[in-house]
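Chemist: Below are the structure tokens for one structure; questions will follow.
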Amino acid sequence: MHAMSTTSSTHRAIDAVWRIESARVIAGLARMLRDLDLAEELAQDALVAALETWPRDGVPDNPGAWLMTTAKRRAIDRLRRLQLLDRKHEELARELEDIQDERRSRDEDALDHDIDDDLLRLVFVSCHPVLSMDARVALTLRLLCGLTTDEIARAFLAAEPTVAQRIVRAKRTLAEADVAFEVPRGDALQERLASVLGVVYLVFNEGYAATSGDDWVRPALCEEALRLGRMLAALTPREPEVHGLVALMEIQASRLHARVGKDGEAVLLLDQDRSRWDQLLIRRGLEALARAEQLGGAFGPYALQAAIAACHARARTADATDWVRIATLYAALAQVNPSPVVELNRAVAVSMATGPASALPLVDRLQDEPAMKHYHLLPSVRGDLLFKLARHDEARAEFERAAAMTRNAREQALLLARARECAAAG
């Protein structure tokens with residue numbers, strides 16, 4: 001029984017180490033091999049070796065270095081076994097064999113810098129615009145978060161074979177496009193950084209407000225997005241929008257526990273028990289927002305959204321919320337990142353600041369927007385405004401329409417409850 005317990009705890013340790021170290025191992029191999037698929041395969045081989053060896057010999061003092069060294073040895077063996085004896089592969093094999101001696105002669109700071117560079121390269125490759133957004137998300141979760149294909153499929157309620165094919169196609173697309181394993185420079189960096197941040201934010205949003213399924217939130221996805229964001233902030237400390245996104249996610253994540261009731265039901269912002277908000281995450285978020293602003297990024301799209309989230313975080317009660325400032329921030333966001341969704345959120349803030357009558361025309365103007373045709377929050381917001389204006393029959397119809405449009409069971413239940421409230425009031 002004791003042996004089984006020890007093996008089980010070792011396996012848990014291996015799983016934890018893999019989540020932390022896999023991206024570093026894959027990134028280091030990918031830089032040397034110039035082959036993302038082979039890099040992941042060899043990293044997985046090292047994981048298998050750990051599963052075979054560590055339960056017997058114990059977890060090594062530096063498990064990440066053990067995985068990297070093992071993976072490099074597998075790479076050398078693979079090259080020799082395939083008898084790839086042209087000059088390129090001879091040089092590569094020599095580089096792999098000599099890498100330990102070379103790095104032993106360098107200081108730890110330089111080694112850490114190399115690892116950071118490798119990770120940053122892997123981030124930009126995984127989120128390359130040549131891939132579809134679905135492919136970027138799947139590949140990022142796989143390579144940078146260490147999630148299995150099954151875990152990614154369950155997180156997004158997709159079939160496992162579909163996700164597996166998505167990852168395979170993504171790697172093939174990157175290879176066919178001959179995407180360089182490097183960090184872009186100059187204007188290209190800013191262009192690609194937007195793609196990276198978009199992927200991280202999409203992962204977070206899917207965890208914060210699940211688009212489908214039986215759960216209102218999926219905290220594990222929020223945690224992975226936060227981990228990616230924090231890593232990116234450490235790797236690019238002078239990029240204000242990275243800190244803006246981290247600030248936004250930290251503050252939003254602080255409300256995760258309060259967003260769900262005791263039976264898993266959805267709890268909206270104004271109804272949440274604010275004593276359940278995580279003050280540590282709020283402090284971290286406010287610090288990240290301050291860094292973004294100090295770097296001149298106060299009017300970046302993510303920093304503005306973080307500033308809006310900060311208004312909620314600073315309000316001790318729902319009634320203490322500074323809705324005038326929030327409406328002003330949404331107006332600024334509409335200038336730098338115009339979209340009907342931003343306008344809808346601005347209308348909500350205007351309603352809270354000056355009343356539903358002033359906000360309803362803003363919402364009505366959005367009804368002909370093609371992008372809002374299947375967006376369930378448009379009739380949801382309109383229903384709320386109509387309810388406040390005592391137009392209960394119209395409000396009920398809007399809530400029912402919103403409920404029919406959402407694919408999330410918890411959100412649908414909430415909207416149908418609002419429809420019944422309208423019927424009772426009418």
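Ligands are numbered from 1 in the order shown, residues from 1 within each chain, and chains are lettered A, B, ... in the order they appear in the structure tokens.
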Give me the residues within 12 Å of Pro129 of chain A as a list in words, counting only C-alpha atoms and dropping any in the same chain fewer than 4 places off.

Modeler: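 The contact residues come out as Val123, Phe124, Val125, Met133, Asp134, Ala135, Arg136, Val137, Ala170, Thr173, Leu174, Ala177, Val179, Ala188, Glu191, Arg192, Leu193, Ala194, Ser195, Val196, Leu197, Gly198 and Val199 of chain A.
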
Chemist: Please dump the current selection as a CSV table (one decimal), in the first residue's frame; keep N, CA and C atoms.

Modeler:
```csv
chain,number,residue,atom,x,y,z
A,123,VAL,N,5.8,31.3,-28.0
A,123,VAL,CA,4.6,32.0,-27.9
A,123,VAL,C,4.2,32.6,-29.2
A,124,PHE,N,5.2,33.2,-29.9
A,124,PHE,CA,4.8,33.9,-31.2
A,124,PHE,C,4.6,32.9,-32.3
A,125,VAL,N,5.2,31.7,-32.3
A,125,VAL,CA,5.0,30.7,-33.3
A,125,VAL,C,3.6,30.1,-33.1
A,133,MET,N,-7.9,31.2,-35.6
A,133,MET,CA,-7.9,31.5,-34.2
A,133,MET,C,-8.1,30.2,-33.4
A,134,ASP,N,-9.0,29.3,-33.9
A,134,ASP,CA,-9.2,28.0,-33.2
A,134,ASP,C,-7.9,27.2,-33.1
A,135,ALA,N,-7.1,27.2,-34.2
A,135,ALA,CA,-5.8,26.5,-34.2
A,135,ALA,C,-4.8,27.2,-33.3
A,136,ARG,N,-4.8,28.5,-33.3
A,136,ARG,CA,-3.9,29.2,-32.4
A,136,ARG,C,-4.2,28.8,-30.9
A,137,VAL,N,-5.5,28.8,-30.6
A,137,VAL,CA,-5.9,28.5,-29.2
A,137,VAL,C,-5.5,27.1,-28.8
A,170,ALA,N,-2.4,22.6,-37.6
A,170,ALA,CA,-1.6,23.8,-37.3
A,170,ALA,C,-0.1,23.7,-37.4
A,173,THR,N,0.7,23.5,-41.1
A,173,THR,CA,0.6,24.9,-41.7
A,173,THR,C,1.8,25.7,-41.4
A,174,LEU,N,2.3,25.7,-40.2
A,174,LEU,CA,3.5,26.4,-39.8
A,174,LEU,C,4.7,25.9,-40.6
A,177,ALA,N,4.4,27.0,-44.3
A,177,ALA,CA,4.6,28.4,-44.4
A,177,ALA,C,6.0,28.8,-44.1
A,179,VAL,N,7.4,29.1,-41.2
A,179,VAL,CA,7.4,30.2,-40.2
A,179,VAL,C,8.7,30.1,-39.4
A,188,ALA,N,6.6,44.5,-37.0
A,188,ALA,CA,6.1,43.1,-37.0
A,188,ALA,C,5.8,42.6,-35.6
A,191,GLU,N,2.4,44.0,-34.5
A,191,GLU,CA,1.4,43.3,-35.2
A,191,GLU,C,1.1,41.9,-34.7
A,192,ARG,N,2.2,41.2,-34.4
A,192,ARG,CA,2.1,39.8,-34.0
A,192,ARG,C,1.7,39.8,-32.5
A,193,LEU,N,2.1,40.8,-31.7
A,193,LEU,CA,1.8,40.8,-30.3
A,193,LEU,C,0.3,40.9,-30.1
A,194,ALA,N,-0.4,41.6,-31.0
A,194,ALA,CA,-1.9,41.7,-30.9
A,194,ALA,C,-2.5,40.3,-31.1
A,195,SER,N,-1.9,39.5,-32.0
A,195,SER,CA,-2.4,38.2,-32.2
A,195,SER,C,-2.2,37.3,-30.9
A,196,VAL,N,-1.1,37.4,-30.3
A,196,VAL,CA,-0.8,36.7,-29.1
A,196,VAL,C,-1.7,37.1,-28.0
A,197,LEU,N,-1.9,38.4,-27.7
A,197,LEU,CA,-2.8,38.8,-26.7
A,197,LEU,C,-4.2,38.4,-27.0
A,198,GLY,N,-4.6,38.4,-28.2
A,198,GLY,CA,-6.0,38.0,-28.6
A,198,GLY,C,-6.2,36.6,-28.2
A,199,VAL,N,-5.3,35.7,-28.4
A,199,VAL,CA,-5.4,34.3,-28.1
A,199,VAL,C,-5.5,34.1,-26.6
```

Chemist: Using only C-alpha atoms, which protein or nucleic acid residues come within 8 Å of segment 255-261 of chain A? Drop anything in the same chain fewer than 3 positions from it, and give the result as number ranges by chain.

Modeler: A: 208, 216-217, 219, 251-252, 264-269, 272-274, 276-278

Chemist: Nearest to Ala23 of chain A among A:Thr140, A:Thr69, A:Asn62, A:Thr53, with distances taken over only C-alpha atoms: which residue is it?

Modeler: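 Using only C-alpha atoms, the shortest distance to Ala23 of chain A belongs to A:Thr140.
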
Chemist: Could you give me, as a VMD selection string, the residues within 8 Å of Met68 of chain A, counting only C-alpha atoms and dropping anything in the same chain fewer than 4 positions from it?

Modeler: chain A and resid 25 28 43 46 64 72

Chemist: Grab the residues selected above and save them as a compact mmCIF listing (two decimals), in the first residue's frame with all heavy atoms.

Modeler:
```txt
# COMPACT_ATOMS: atom_id res chain seq x y z
N VAL A 25 10.87 22.99 -22.26
CA VAL A 25 11.54 21.88 -22.95
C VAL A 25 11.24 21.93 -24.44
O VAL A 25 12.14 21.84 -25.28
CB VAL A 25 11.10 20.52 -22.35
CG1 VAL A 25 11.71 19.37 -23.14
CG2 VAL A 25 11.52 20.43 -20.88
N GLY A 28 13.01 24.92 -26.09
CA GLY A 28 14.44 24.70 -26.29
C GLY A 28 14.73 23.75 -27.43
O GLY A 28 15.64 23.98 -28.24
N ALA A 43 9.85 15.83 -26.43
CA ALA A 43 9.50 16.24 -25.06
C ALA A 43 8.58 15.21 -24.42
O ALA A 43 8.73 14.88 -23.24
CB ALA A 43 8.83 17.62 -25.10
N ALA A 46 10.53 12.32 -23.26
CA ALA A 46 11.19 12.60 -21.98
C ALA A 46 10.21 12.42 -20.82
O ALA A 46 10.57 11.94 -19.75
CB ALA A 46 11.77 14.01 -21.99
N GLY A 64 13.21 20.04 -14.28
CA GLY A 64 13.17 20.67 -15.60
C GLY A 64 14.43 20.38 -16.39
O GLY A 64 14.37 20.04 -17.58
N LYS A 72 17.08 16.06 -25.11
CA LYS A 72 18.18 16.31 -26.03
C LYS A 72 18.89 15.01 -26.42
O LYS A 72 19.27 14.81 -27.57
CB LYS A 72 19.17 17.28 -25.40
CG LYS A 72 18.67 18.72 -25.34
CD LYS A 72 19.61 19.58 -24.53
CE LYS A 72 19.07 20.99 -24.40
NZ LYS A 72 19.85 21.79 -23.43
```
